[in-house]
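Asks: So here's run-v7.pdb (PDB, C-alpha atoms and all ligand atoms).
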ATOM      1  CA  MET A   1      75.005 -28.815  24.571
ATOM      2  CA  SER A   2      71.471 -27.645  25.225
ATOM      3  CA  CYS A   3      70.225 -24.219  24.214
ATOM      4  CA  ASP A   4      68.375 -21.803  26.506
ATOM      5  CA  LEU A   5      65.225 -20.973  24.541
ATOM      6  CA  SER A   6      63.744 -18.610  27.132
ATOM      7  CA  VAL A   7      62.884 -15.000  26.345
ATOM      8  CA  GLU A   8      61.455 -12.129  28.371
ATOM      9  CA  ILE A   9      58.576  -9.883  27.339
ATOM     10  CA  ALA A  10      56.930  -7.264  29.538
ATOM     11  CA  GLY A  11      58.525  -8.735  32.671
ATOM     12  CA  LEU A  12      57.241 -12.238  31.864
ATOM     13  CA  ARG A  13      59.607 -15.139  31.255
ATOM     14  CA  PHE A  14      58.588 -17.426  28.387
ATOM     15  CA  LYS A  15      60.172 -20.914  28.338
ATOM     16  CA  ASN A  16      60.495 -20.640  24.569
ATOM     17  CA  PRO A  17      59.612 -17.979  21.975
ATOM     18  CA  ILE A  18      56.801 -19.971  20.304
ATOM     19  CA  LEU A  19      53.219 -18.874  21.011
ATOM     20  CA  THR A  20      50.014 -19.710  19.181
ATOM     21  CA  ALA A  21      48.113 -16.910  17.423
ATOM     22  CA  SER A  22      44.653 -15.692  18.329
ATOM     23  CA  GLY A  23      41.735 -17.190  16.397
ATOM     24  CA  THR A  24      43.781 -20.071  14.998
ATOM     25  CA  PHE A  25      44.100 -22.178  18.150
ATOM     26  CA  GLY A  26      40.551 -22.043  19.537
ATOM     27  CA  TYR A  27      40.568 -21.591  23.302
ATOM     28  CA  GLY A  28      43.667 -23.809  23.445
ATOM     29  CA  LEU A  29      41.834 -26.770  24.963
ATOM     30  CA  GLU A  30      40.844 -28.059  21.498
ATOM     31  CA  PHE A  31      44.537 -28.916  20.980
ATOM     32  CA  ALA A  32      45.131 -30.581  24.365
ATOM     33  CA  SER A  33      44.629 -34.070  22.916
ATOM     34  CA  TRP A  34      47.406 -33.417  20.371
ATOM     35  CA  PHE A  35      50.173 -32.423  22.791
ATOM     36  CA  ASP A  36      50.882 -31.056  26.276
ATOM     37  CA  LEU A  37      49.995 -27.360  25.980
ATOM     38  CA  GLY A  38      52.599 -26.737  28.685
ATOM     39  CA  ARG A  39      55.298 -27.179  26.042
ATOM     40  CA  LEU A  40      54.293 -23.899  24.385
ATOM     41  CA  GLY A  41      55.794 -20.540  25.255
ATOM     42  CA  GLY A  42      52.255 -19.202  25.381
ATOM     43  CA  ILE A  43      48.722 -19.342  24.016
ATOM     44  CA  CYS A  44      46.826 -16.321  22.689
ATOM     45  CA  THR A  45      43.139 -16.993  23.108
ATOM     46  CA  LYS A  46      40.475 -16.453  20.495
ATOM     47  CA  GLY A  47      39.406 -12.788  20.550
ATOM     48  CA  LEU A  48      37.120 -12.105  23.541
ATOM     49  CA  SER A  49      34.278  -9.603  23.479
ATOM     50  CA  LEU A  50      31.905  -8.406  26.179
ATOM     51  CA  GLU A  51      28.940 -10.346  24.767
ATOM     52  CA  PRO A  52      29.009 -13.639  22.800
ATOM     53  CA  LEU A  53      29.188 -13.176  19.011
ATOM     54  CA  GLU A  54      27.970 -15.535  16.290
ATOM     55  CA  GLY A  55      30.260 -14.061  13.657
ATOM     56  CA  ASN A  56      29.568 -13.608   9.949
ATOM     57  CA  PRO A  57      27.435 -15.843   7.694
ATOM     58  CA  PRO A  58      29.206 -18.531   5.602
ATOM     59  CA  PRO A  59      31.168 -18.902   3.431
ATOM     60  CA  ARG A  60      33.692 -17.249   5.713
ATOM     61  CA  ILE A  61      36.914 -19.065   4.825
ATOM     62  CA  VAL A  62      38.388 -19.583   1.345
ATOM     63  CA  GLU A  63      41.724 -21.065   0.401
ATOM     64  CA  THR A  64      44.093 -18.925  -1.668
ATOM     65  CA  HIS A  65      47.593 -19.569  -3.030
ATOM     66  CA  GLY A  66      49.835 -20.038  -0.008
ATOM     67  CA  GLY A  67      47.215 -18.882   2.422
ATOM     68  CA  MET A  68      43.608 -18.306   3.283
ATOM     69  CA  LEU A  69      41.114 -15.491   3.366
ATOM     70  CA  ASN A  70      38.729 -15.325   6.331
ATOM     71  CA  SER A  71      35.824 -13.257   7.526
ATOM     72  CA  ILE A  72      34.925 -15.204  10.663
ATOM     73  CA  GLY A  73      33.695 -11.980  12.209
ATOM     74  CA  LEU A  74      35.273 -12.554  15.633
ATOM     75  CA  GLN A  75      32.880 -15.316  16.681
ATOM     76  CA  ASN A  76      33.402 -16.122  20.369
ATOM     77  CA  ILE A  77      31.595 -17.234  23.507
ATOM     78  CA  GLY A  78      32.089 -13.897  25.277
ATOM     79  CA  VAL A  79      34.484 -13.007  28.063
ATOM     80  CA  ARG A  80      32.308 -14.194  30.966
ATOM     81  CA  ALA A  81      31.836 -17.703  29.518
ATOM     82  CA  PHE A  82      35.576 -17.827  28.763
ATOM     83  CA  VAL A  83      36.399 -17.050  32.389
ATOM     84  CA  ALA A  84      33.816 -19.503  33.759
ATOM     85  CA  GLU A  85      34.203 -22.439  31.354
ATOM     86  CA  LYS A  86      37.570 -22.350  29.569
ATOM     87  CA  LEU A  87      40.059 -20.597  31.825
ATOM     88  CA  PRO A  88      39.843 -22.996  34.824
ATOM     89  CA  LYS A  89      41.005 -25.865  32.557
ATOM     90  CA  LEU A  90      43.442 -23.803  30.532
ATOM     91  CA  ARG A  91      45.348 -22.403  33.519
ATOM     92  CA  GLN A  92      46.331 -25.908  34.615
ATOM     93  CA  PHE A  93      48.883 -26.017  31.810
ATOM     94  CA  GLN A  94      52.348 -24.619  32.530
ATOM     95  CA  THR A  95      52.232 -21.920  29.883
ATOM     96  CA  HIS A  96      51.365 -18.238  29.586
ATOM     97  CA  ILE A  97      47.736 -17.517  28.722
ATOM     98  CA  ILE A  98      47.394 -14.257  26.834
ATOM     99  CA  ALA A  99      43.811 -13.032  26.533
ATOM    100  CA  ASN A 100      43.089 -11.431  23.151
ATOM    101  CA  VAL A 101      40.639  -8.574  23.695
ATOM    102  CA  PHE A 102      38.472  -6.529  21.340
ATOM    103  CA  GLY A 103      35.412  -4.304  21.334
ATOM    104  CA  SER A 104      33.355  -2.091  19.092
ATOM    105  CA  CYS A 105      34.100   1.008  21.210
ATOM    106  CA  PHE A 106      36.514   2.044  23.975
ATOM    107  CA  GLU A 107      34.109   1.181  26.772
ATOM    108  CA  GLU A 108      33.741  -2.401  25.532
ATOM    109  CA  TYR A 109      37.507  -2.987  25.550
ATOM    110  CA  LEU A 110      37.655  -1.587  29.072
ATOM    111  CA  GLU A 111      34.764  -3.714  30.315
ATOM    112  CA  VAL A 112      36.344  -6.911  28.932
ATOM    113  CA  ILE A 113      39.616  -6.031  30.674
ATOM    114  CA  ARG A 114      37.828  -5.270  33.958
ATOM    115  CA  ILE A 115      36.225  -8.728  33.880
ATOM    116  CA  LEU A 116      39.555 -10.413  33.030
ATOM    117  CA  ASN A 117      41.367  -8.448  35.751
ATOM    118  CA  ASP A 118      39.506 -10.466  38.378
ATOM    119  CA  ALA A 119      40.253 -13.821  36.732
ATOM    120  CA  GLU A 120      43.146 -16.025  37.794
ATOM    121  CA  GLY A 121      45.683 -17.484  35.393
ATOM    122  CA  ILE A 122      46.068 -14.815  32.706
ATOM    123  CA  SER A 123      49.553 -13.417  32.055
ATOM    124  CA  ALA A 124      48.850 -10.501  29.694
ATOM    125  CA  TYR A 125      46.267  -8.879  27.456
ATOM    126  CA  GLU A 126      46.682  -8.625  23.690
ATOM    127  CA  LEU A 127      44.585  -5.798  22.225
ATOM    128  CA  ASN A 128      43.216  -6.568  18.774
ATOM    129  CA  ILE A 129      42.955  -3.070  17.312
ATOM    130  CA  SER A 130      42.101  -4.360  13.802
ATOM    131  CA  CYS A 131      38.387  -4.085  14.329
ATOM    132  CA  PRO A 132      35.860  -1.438  13.397
ATOM    133  CA  ASN A 133      35.294   1.457  15.769
ATOM    134  CA  VAL A 134      31.510   1.776  15.593
ATOM    135  CA  LYS A 135      31.624   5.280  17.054
ATOM    136  CA  ALA A 136      34.123   6.439  14.406
ATOM    137  CA  GLY A 137      32.143   5.355  11.348
ATOM    138  CA  GLY A 138      33.523   1.801  11.328
ATOM    139  CA  MET A 139      37.167   2.688  10.732
ATOM    140  CA  GLU A 140      39.621   0.264  12.349
ATOM    141  CA  PHE A 141      41.087   1.558  15.654
ATOM    142  CA  GLY A 142      44.476   0.413  14.422
ATOM    143  CA  ASN A 143      44.450   2.545  11.278
ATOM    144  CA  ASP A 144      44.755   5.838  13.115
ATOM    145  CA  PRO A 145      47.828   6.366  15.351
ATOM    146  CA  ASP A 146      46.009   8.848  17.624
ATOM    147  CA  GLU A 147      42.973   6.613  18.120
ATOM    148  CA  ALA A 148      45.199   3.551  18.718
ATOM    149  CA  ALA A 149      47.213   5.532  21.276
ATOM    150  CA  ARG A 150      44.105   6.782  23.104
ATOM    151  CA  LEU A 151      42.739   3.231  23.307
ATOM    152  CA  THR A 152      46.073   1.867  24.558
ATOM    153  CA  GLU A 153      46.315   4.563  27.218
ATOM    154  CA  ALA A 154      42.761   3.908  28.434
ATOM    155  CA  CYS A 155      43.345   0.134  28.641
ATOM    156  CA  LYS A 156      46.744   0.560  30.279
ATOM    157  CA  ARG A 157      45.214   2.744  32.994
ATOM    158  CA  ILE A 158      42.910  -0.030  34.240
ATOM    159  CA  ALA A 159      44.762  -3.228  33.255
ATOM    160  CA  ARG A 160      46.331  -5.221  36.077
ATOM    161  CA  ARG A 161      48.455  -7.104  33.533
ATOM    162  CA  PRO A 162      50.847  -6.108  30.749
ATOM    163  CA  ILE A 163      49.312  -4.840  27.512
ATOM    164  CA  ILE A 164      50.481  -6.169  24.143
ATOM    165  CA  VAL A 165      49.063  -4.131  21.259
ATOM    166  CA  LYS A 166      48.495  -6.180  18.091
ATOM    167  CA  LEU A 167      49.099  -3.988  15.070
ATOM    168  CA  SER A 168      47.144  -3.928  11.834
ATOM    169  CA  PRO A 169      49.037  -4.145   8.525
ATOM    170  CA  ASN A 170      46.102  -2.285   6.955
ATOM    171  CA  ALA A 171      47.199   0.953   8.631
ATOM    172  CA  GLY A 172      48.701   3.435   6.194
ATOM    173  CA  ASP A 173      51.898   3.578   8.248
ATOM    174  CA  ILE A 174      52.234   0.726  10.747
ATOM    175  CA  VAL A 175      55.475   2.165  12.136
ATOM    176  CA  ARG A 176      53.701   5.399  13.132
ATOM    177  CA  VAL A 177      51.032   3.387  14.948
ATOM    178  CA  ALA A 178      53.753   1.336  16.678
ATOM    179  CA  ARG A 179      55.487   4.491  17.935
ATOM    180  CA  ALA A 180      52.188   6.036  19.048
ATOM    181  CA  VAL A 181      51.098   3.051  21.128
ATOM    182  CA  GLU A 182      54.573   2.677  22.655
ATOM    183  CA  GLU A 183      54.356   6.298  23.716
ATOM    184  CA  ALA A 184      50.874   5.597  25.150
ATOM    185  CA  GLY A 185      52.298   2.917  27.444
ATOM    186  CA  ALA A 186      52.095  -0.413  25.577
ATOM    187  CA  ASP A 187      54.353  -3.005  27.221
ATOM    188  CA  ALA A 188      54.925  -4.924  23.976
ATOM    189  CA  LEU A 189      53.649  -5.153  20.406
ATOM    190  CA  SER A 190      52.577  -8.026  18.199
ATOM    191  CA  ALA A 191      52.542  -7.779  14.408
ATOM    192  CA  ILE A 192      50.876  -8.484  12.111
ATOM    193  CA  ASN A 193      47.156  -9.194  11.937
ATOM    194  CA  THR A 194      45.636 -10.326   8.613
ATOM    195  CA  ILE A 195      45.912  -8.222   5.437
ATOM    196  CA  LEU A 196      42.673  -7.110   3.814
ATOM    197  CA  GLY A 197      42.067  -9.112   0.609
ATOM    198  CA  LEU A 198      39.466 -10.186  -1.931
ATOM    199  CA  SER A 199      38.773 -13.427  -3.802
ATOM    200  CA  VAL A 200      36.345 -13.574  -6.737
ATOM    201  CA  ASP A 201      34.266 -16.469  -8.111
ATOM    202  CA  ILE A 202      34.554 -15.981 -11.882
ATOM    203  CA  TYR A 203      31.363 -17.938 -12.639
ATOM    204  CA  THR A 204      29.004 -16.097 -10.321
ATOM    205  CA  ARG A 205      31.129 -12.909 -10.514
ATOM    206  CA  ARG A 206      30.656 -12.496  -6.823
ATOM    207  CA  PRO A 207      33.141 -12.459  -3.940
ATOM    208  CA  ARG A 208      33.880 -15.929  -2.577
ATOM    209  CA  LEU A 209      33.321 -14.706   0.996
ATOM    210  CA  ALA A 210      29.791 -13.817   2.049
ATOM    211  CA  THR A 211      31.040 -10.509   3.469
ATOM    212  CA  GLY A 212      32.978  -9.561   0.327
ATOM    213  CA  MET A 213      36.454  -8.844   1.608
ATOM    214  CA  GLY A 214      38.365 -10.727   4.283
ATOM    215  CA  GLY A 215      41.710 -11.097   6.051
ATOM    216  CA  LEU A 216      44.572 -12.840   4.267
ATOM    217  CA  SER A 217      46.877 -15.048   6.357
ATOM    218  CA  GLY A 218      49.358 -17.877   5.878
ATOM    219  CA  PRO A 219      52.740 -18.242   4.114
ATOM    220  CA  ALA A 220      51.645 -15.796   1.375
ATOM    221  CA  ILE A 221      51.939 -12.863   3.816
ATOM    222  CA  LYS A 222      55.270 -13.816   5.425
ATOM    223  CA  PRO A 223      57.619 -11.470   3.535
ATOM    224  CA  ILE A 224      55.315  -8.516   4.211
ATOM    225  CA  ALA A 225      55.020  -9.411   7.897
ATOM    226  CA  LEU A 226      58.776  -9.886   8.190
ATOM    227  CA  ARG A 227      59.479  -6.512   6.578
ATOM    228  CA  MET A 228      57.023  -4.811   8.951
ATOM    229  CA  VAL A 229      58.467  -6.533  12.027
ATOM    230  CA  TYR A 230      61.971  -5.461  10.964
ATOM    231  CA  GLN A 231      60.853  -1.846  10.534
ATOM    232  CA  ILE A 232      58.885  -1.772  13.805
ATOM    233  CA  THR A 233      61.701  -3.263  15.898
ATOM    234  CA  HIS A 234      63.977  -0.516  14.632
ATOM    235  CA  ALA A 235      61.473   2.195  15.563
ATOM    236  CA  VAL A 236      60.518   1.182  19.133
ATOM    237  CA  ARG A 237      62.277   0.016  22.313
ATOM    238  CA  ILE A 238      59.574  -2.373  23.579
ATOM    239  CA  PRO A 239      59.637  -6.055  22.492
ATOM    240  CA  VAL A 240      57.823  -7.126  19.327
ATOM    241  CA  ILE A 241      56.180 -10.521  18.787
ATOM    242  CA  GLY A 242      56.324 -11.503  15.097
ATOM    243  CA  ILE A 243      53.290 -13.038  13.364
ATOM    244  CA  GLY A 244      52.491 -13.817   9.738
ATOM    245  CA  GLY A 245      52.824 -16.971   7.698
ATOM    246  CA  ILE A 246      55.161 -18.804  10.058
ATOM    247  CA  ALA A 247      54.964 -22.508   9.239
ATOM    248  CA  THR A 248      58.504 -23.893   9.706
ATOM    249  CA  VAL A 249      61.456 -23.464  12.052
ATOM    250  CA  GLU A 250      63.248 -21.512   9.322
ATOM    251  CA  ASP A 251      60.337 -19.038   9.205
ATOM    252  CA  ALA A 252      60.464 -18.562  12.976
ATOM    253  CA  LEU A 253      64.248 -18.036  12.847
ATOM    254  CA  GLU A 254      63.858 -15.371  10.154
ATOM    255  CA  PHE A 255      61.535 -13.371  12.416
ATOM    256  CA  LEU A 256      63.835 -13.687  15.445
ATOM    257  CA  ILE A 257      66.870 -12.643  13.407
ATOM    258  CA  ALA A 258      64.884  -9.716  11.968
ATOM    259  CA  GLY A 259      64.229  -8.491  15.525
ATOM    260  CA  ALA A 260      61.181 -10.282  16.984
ATOM    261  CA  THR A 261      61.607 -11.410  20.609
ATOM    262  CA  ALA A 262      59.056 -14.203  20.093
ATOM    263  CA  VAL A 263      56.675 -15.386  17.369
ATOM    264  CA  GLN A 264      53.120 -16.625  17.037
ATOM    265  CA  ILE A 265      52.003 -19.534  14.854
ATOM    266  CA  GLY A 266      48.614 -18.966  13.184
ATOM    267  CA  THR A 267      47.241 -20.467   9.975
ATOM    268  CA  ALA A 268      49.753 -23.369  10.109
ATOM    269  CA  ASN A 269      47.713 -24.783  13.039
ATOM    270  CA  TYR A 270      44.830 -25.357  10.617
ATOM    271  CA  TYR A 271      46.698 -27.887   8.498
ATOM    272  CA  ASP A 272      49.159 -29.174  11.085
ATOM    273  CA  PRO A 273      48.004 -29.107  14.727
ATOM    274  CA  LEU A 274      51.570 -30.035  15.738
ATOM    275  CA  ALA A 275      53.193 -27.153  13.826
ATOM    276  CA  SER A 276      54.156 -25.159  16.936
ATOM    277  CA  ILE A 277      55.676 -28.205  18.677
ATOM    278  CA  LYS A 278      57.669 -29.118  15.561
ATOM    279  CA  ILE A 279      58.994 -25.538  15.450
ATOM    280  CA  ILE A 280      60.054 -25.678  19.136
ATOM    281  CA  GLU A 281      61.878 -28.979  18.509
ATOM    282  CA  GLY A 282      63.386 -27.526  15.336
ATOM    283  CA  LEU A 283      64.709 -24.497  17.246
ATOM    284  CA  LYS A 284      66.461 -26.768  19.755
ATOM    285  CA  ARG A 285      68.040 -28.787  16.928
ATOM    286  CA  PHE A 286      69.125 -25.680  15.010
ATOM    287  CA  CYS A 287      70.780 -24.210  18.095
ATOM    288  CA  GLU A 288      72.568 -27.453  18.931
ATOM    289  CA  GLN A 289      73.828 -27.861  15.356
ATOM    290  CA  HIS A 290      75.120 -24.282  15.219
ATOM    291  CA  GLY A 291      76.599 -24.003  18.722
ATOM    292  CA  ILE A 292      74.038 -21.395  19.826
ATOM    293  CA  THR A 293      73.682 -21.477  23.621
ATOM    294  CA  THR A 294      70.894 -18.933  23.987
ATOM    295  CA  ILE A 295      68.138 -18.045  21.544
ATOM    296  CA  ARG A 296      68.376 -14.434  22.757
ATOM    297  CA  SER A 297      71.705 -14.109  20.946
ATOM    298  CA  LEU A 298      69.859 -14.485  17.638
ATOM    299  CA  ILE A 299      67.243 -11.787  18.258
ATOM    300  CA  GLY A 300      67.823  -8.760  16.041
ATOM    301  CA  SER A 301      71.106 -10.163  14.693
ATOM    302  CA  LEU A 302      70.224  -9.362  11.074
ATOM    303  CA  GLN A 303      73.136  -7.796   9.209
ATOM    304  CA  MET A 304      71.306  -5.431   6.901
ATOM    305  CA  ASN A 305      73.143  -3.907   3.993
ATOM    306  CA  GLU A 306      73.793  -0.393   5.355
ATOM    307  CA  ARG A 307      72.486   1.346   2.273
ATOM    308  CA  LEU A 308      69.185  -0.571   2.625
ATOM    309  CA  ALA A 309      68.750  -0.414   6.409
TER     310      ALA A 309
HETATM  311  C1  LIG B 401      40.473 -17.769  11.124
HETATM  312  C2  LIG B 401      41.266 -16.683  11.790
HETATM  313  C3  LIG B 401      40.756 -16.042  12.912
HETATM  314  C4  LIG B 401      41.480 -15.020  13.540
HETATM  315  N1  LIG B 401      40.974 -14.419  14.657
HETATM  316  C5  LIG B 401      41.700 -13.446  15.296
HETATM  317  C6  LIG B 401      41.217 -12.834  16.500
HETATM  318  O1  LIG B 401      40.148 -13.174  17.031
HETATM  319  N2  LIG B 401      41.973 -11.857  17.069
HETATM  320  C7  LIG B 401      43.176 -11.465  16.547
HETATM  321  O2  LIG B 401      43.834 -10.579  17.100
HETATM  322  N3  LIG B 401      43.677 -12.058  15.424
HETATM  323  C8  LIG B 401      42.970 -13.024  14.790
HETATM  324  N4  LIG B 401      43.475 -13.624  13.657
HETATM  325  C9  LIG B 401      44.790 -13.200  13.131
HETATM  326  C10 LIG B 401      45.912 -14.167  13.535
HETATM  327  O3  LIG B 401      46.068 -14.226  14.926
HETATM  328  C11 LIG B 401      47.254 -13.756  12.866
HETATM  329  O4  LIG B 401      47.597 -12.457  13.289
HETATM  330  C12 LIG B 401      47.191 -13.783  11.347
HETATM  331  O5  LIG B 401      46.427 -14.875  10.891
HETATM  332  C13 LIG B 401      48.572 -13.829  10.700
HETATM  333  O6  LIG B 401      49.298 -14.976  11.091
HETATM  334  P1  LIG B 401      49.338 -16.357  10.234
HETATM  335  O7  LIG B 401      49.687 -15.971   8.825
HETATM  336  O8  LIG B 401      50.387 -17.201  10.895
HETATM  337  O9  LIG B 401      47.975 -16.959  10.324
HETATM  338  C14 LIG B 401      42.752 -14.645  13.022
HETATM  339  C15 LIG B 401      43.255 -15.307  11.897
HETATM  340  C16 LIG B 401      42.558 -16.320  11.277
HETATM  341  C17 LIG B 401      43.150 -17.024  10.084
END
In structure tokens, write the structure found in this file.
Ligand SMILES: Cc1cc2nc3c(=O)[nH]c(=O)nc-3n(C[C@H](O)[C@H](O)[C@H](O)COP(=O)(O)O)c2cc1C
Replies:
Amino acid sequence: MSCDLSVEIAGLRFKNPILTASGTFGYGLEFASWFDLGRLGGICTKGLSLEPLEGNPPPRIVETHGGMLNSIGLQNIGVRAFVAEKLPKLRQFQTHIIANVFGSCFEEYLEVIRILNDAEGISAYELNISCPNVKAGGMEFGNDPDEAARLTEACKRIARRPIIVKLSPNAGDIVRVARAVEEAGADALSAINTILGLSVDIYTRRPRLATGMGGLSGPAIKPIALRMVYQITHAVRIPVIGIGGIATVEDALEFLIAGATAVQIGTANYYDPLASIKIIEGLKRFCEQHGITTIRSLIGSLQMNERLA
């Protein structure tokens, strides 16, 4: 008996609920020699900005227990080069391309979306709101529910494709931000981005990253991400894509059962380029072994102890 792995998000049908996470899968094409990208539910591109960015000085990645800390600084080739050089090749694969968008102010987000609006082969936009708002003293857009909502509303007004807002775990109350951006018109949410962390070199007594602090990702953050996804899915009606430390099929299943409609694989791609494919195959096997005919029947099926819910 085969299992139907398809899910629907923002009116789009995904052949399976496994996507790759922004910034951990290049522009997708880097992985095309490893497997047919068309086997993925979707690919979230590296974050795209209006102008190319070189990112932060090295060292900008350090390994930590069960994860890694990065301060890449959103290095990318810029949205125009993405559309001209990467997208024509990427759209030949039978998968959803989700363009991850960011800017240092509202107008930059809007300009990136305007340029992408005219490009063929993109299914949705994912707004990275975990970046500093230069006009608001460098505070992350995603830390303030009102600011996140205003940005979502502005993007939604001009976007010709669905908007997925990617939430920051560094917000004081991620659930409040989730509700605010839903209200502002977001079609779906993804959660979580990296968690702000610090690693210290005890000999030099300096931070290991050139920029000081960085974003923690990988298996170390999974329980936090899972808890947040559970709370968010119970607070909003729009679909939530779970992200954070997913490395095995069991991890992906936990997120689906906790309420995520799909998941993204991030840091695992760094040490196993086939991680997402192994998880897709693992999902099929799990469903067959347990008589599950549709993956949708698992979504949100968590039986939480009532007193703890
Ligand atoms: C090196 C690196 C670069 C990243 N770049 C982006 C980015 O450009 N845009 C974005 O929204 N998230 C970015 N992320 C966050 C990931 O997409 C993901 O949300 C996070 O790493 C948690 O998932 P994981 O534990 O599976 O890696 C980046 C993460 C890493 C490790």
Asks: Kindly provide the residues of chain A that approach ligand LIG 401 (chain B) to within 6 Å, each paired with its closest atom pair and their distance in Å to one decimal, based on all atoms listed in the file, listed by chain and increasing number, as CSV.
Replies:
residue,atom,partner,partner_atom,distance
A:Ala21,CA,B:LIG401,O3,4.2
A:Ser22,CA,B:LIG401,O3,4.0
A:Gly23,CA,B:LIG401,N1,3.4
A:Thr24,CA,B:LIG401,C2,5.3
A:Lys46,CA,B:LIG401,O1,4.8
A:Gly47,CA,B:LIG401,O1,3.6
A:Asn70,CA,B:LIG401,C1,5.7
A:Leu74,CA,B:LIG401,O1,5.1
A:Asn128,CA,B:LIG401,O2,4.4
A:Ile192,CA,B:LIG401,O4,5.3
A:Asn193,CA,B:LIG401,O4,3.6
A:Thr194,CA,B:LIG401,C12,4.7
A:Ser217,CA,B:LIG401,O7,3.9
A:Gly218,CA,B:LIG401,O7,3.5
A:Ile243,CA,B:LIG401,O6,5.0
A:Gly244,CA,B:LIG401,O7,3.7
A:Gly245,CA,B:LIG401,O7,3.5
A:Ile246,CA,B:LIG401,O8,5.1
A:Ile265,CA,B:LIG401,O8,4.9
A:Gly266,CA,B:LIG401,O8,3.4
A:Thr267,CA,B:LIG401,O9,3.6
Asks: Please write the residues from the selection above to a file, keeping C-alpha atoms, as a short mmCIF file (atom, residue, chain, number, x, y, z; two decimals), keeping the file's coordinate frame.
Replies:
data_model
loop_
_atom_site.label_atom_id
_atom_site.label_comp_id
_atom_site.auth_asym_id
_atom_site.auth_seq_id
_atom_site.Cartn_x
_atom_site.Cartn_y
_atom_site.Cartn_z
CA ALA A 21 48.11 -16.91 17.42
CA SER A 22 44.65 -15.69 18.33
CA GLY A 23 41.74 -17.19 16.40
CA THR A 24 43.78 -20.07 15.00
CA LYS A 46 40.48 -16.45 20.50
CA GLY A 47 39.41 -12.79 20.55
CA ASN A 70 38.73 -15.32 6.33
CA LEU A 74 35.27 -12.55 15.63
CA ASN A 128 43.22 -6.57 18.77
CA ILE A 192 50.88 -8.48 12.11
CA ASN A 193 47.16 -9.19 11.94
CA THR A 194 45.64 -10.33 8.61
CA SER A 217 46.88 -15.05 6.36
CA GLY A 218 49.36 -17.88 5.88
CA ILE A 243 53.29 -13.04 13.36
CA GLY A 244 52.49 -13.82 9.74
CA GLY A 245 52.82 -16.97 7.70
CA ILE A 246 55.16 -18.80 10.06
CA ILE A 265 52.00 -19.53 14.85
CA GLY A 266 48.61 -18.97 13.18
CA THR A 267 47.24 -20.47 9.98
#
Asks: Considering all atoms listed in the file, return as a PyMOL selection string whatever protein or nucleic-acid residues lie within 7 Å of Val175 in chain A, sequence-local ones (same chain, fewer than 2 positions apart) excluded.
Replies: chain A and resi 173+177-179+231-232+235
Asks: What does the structure give for the distance between CA of Met304 in chain A and CA of Ile292 in chain A, in Å to one decimal?
Replies: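 Taking CA of Met304 in chain A as the start and CA of Ile292 in chain A as the end point, the length is 20.7 Å.
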Asks: Env of Asp4 in chain A: 8 Å cut, atoms = only C-alpha atoms, seq-sep filter 5 positions within chain, self excluded. Answer as an NGL selection string.
Replies: :A and (293-295)
Asks: Show me the residues close to (49.9, 9.0, 26.9) - anything with an atom within 7 Å, counting only C-alpha atoms - and format the list as a compact mmCIF listing (two decimals) with C-alpha atoms, in the coordinates of the input.
Replies:
# COMPACT_ATOMS: atom_id res chain seq x y z
CA GLU A 153 46.32 4.56 27.22
CA GLU A 183 54.36 6.30 23.72
CA ALA A 184 50.87 5.60 25.15
CA GLY A 185 52.30 2.92 27.44
Asks: List the residues matched by the PyMOL selection byres (((chain A and resi 165) around 7) and not hetatm) in the displayed structure as number ranges by chain, ordered by chain and then by residue number.
Replies: A: 126-128, 163-164, 166-167, 186, 188-190
Asks: Please provide as a PDB file with C-alpha atoms, in the coordinates of the input all residues within 12 Å of Ala154 in chain A, with the sequence filter that same-chain residues fewer than 6 positions apart are discarded (counting all atoms listed in the file).
Replies:
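Written out: around.pdb:
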ATOM      1  CA  CYS A 105      34.100   1.008  21.210  1.00  0.00           C
ATOM      2  CA  PHE A 106      36.514   2.044  23.975  1.00  0.00           C
ATOM      3  CA  GLU A 107      34.109   1.181  26.772  1.00  0.00           C
ATOM      4  CA  GLU A 108      33.741  -2.401  25.532  1.00  0.00           C
ATOM      5  CA  TYR A 109      37.507  -2.987  25.550  1.00  0.00           C
ATOM      6  CA  LEU A 110      37.655  -1.587  29.072  1.00  0.00           C
ATOM      7  CA  GLU A 111      34.764  -3.714  30.315  1.00  0.00           C
ATOM      8  CA  ILE A 113      39.616  -6.031  30.674  1.00  0.00           C
ATOM      9  CA  ARG A 114      37.828  -5.270  33.958  1.00  0.00           C
ATOM     10  CA  LEU A 127      44.585  -5.798  22.225  1.00  0.00           C
ATOM     11  CA  GLU A 147      42.973   6.613  18.120  1.00  0.00           C
ATOM     12  CA  ALA A 148      45.199   3.551  18.718  1.00  0.00           C
ATOM     13  CA  ILE A 163      49.312  -4.840  27.512  1.00  0.00           C
ATOM     14  CA  VAL A 181      51.098   3.051  21.128  1.00  0.00           C
ATOM     15  CA  ALA A 184      50.874   5.597  25.150  1.00  0.00           C
ATOM     16  CA  GLY A 185      52.298   2.917  27.444  1.00  0.00           C
ATOM     17  CA  ALA A 186      52.095  -0.413  25.577  1.00  0.00           C
TER      18      ALA A 186
END
Asks: Within 9 Å of Asn76 in chain A, counting all atoms listed in the file, which residues show up once you throw out same-chain ones fewer than 3 positions away? Write them as a JSON list (two decimals) with C-alpha atoms, in the frame of the given file, please.
Replies:
[["chain", "number", "residue", "atom", "x", "y", "z"],
["A", 46, "LYS", "CA", 40.48, -16.45, 20.50],
["A", 47, "GLY", "CA", 39.41, -12.79, 20.55],
["A", 48, "LEU", "CA", 37.12, -12.10, 23.54],
["A", 49, "SER", "CA", 34.28, -9.60, 23.48],
["A", 51, "GLU", "CA", 28.94, -10.35, 24.77],
["A", 52, "PRO", "CA", 29.01, -13.64, 22.80],
["A", 53, "LEU", "CA", 29.19, -13.18, 19.01],
["A", 54, "GLU", "CA", 27.97, -15.54, 16.29],
["A", 55, "GLY", "CA", 30.26, -14.06, 13.66],
["A", 79, "VAL", "CA", 34.48, -13.01, 28.06],
["A", 82, "PHE", "CA", 35.58, -17.83, 28.76]]
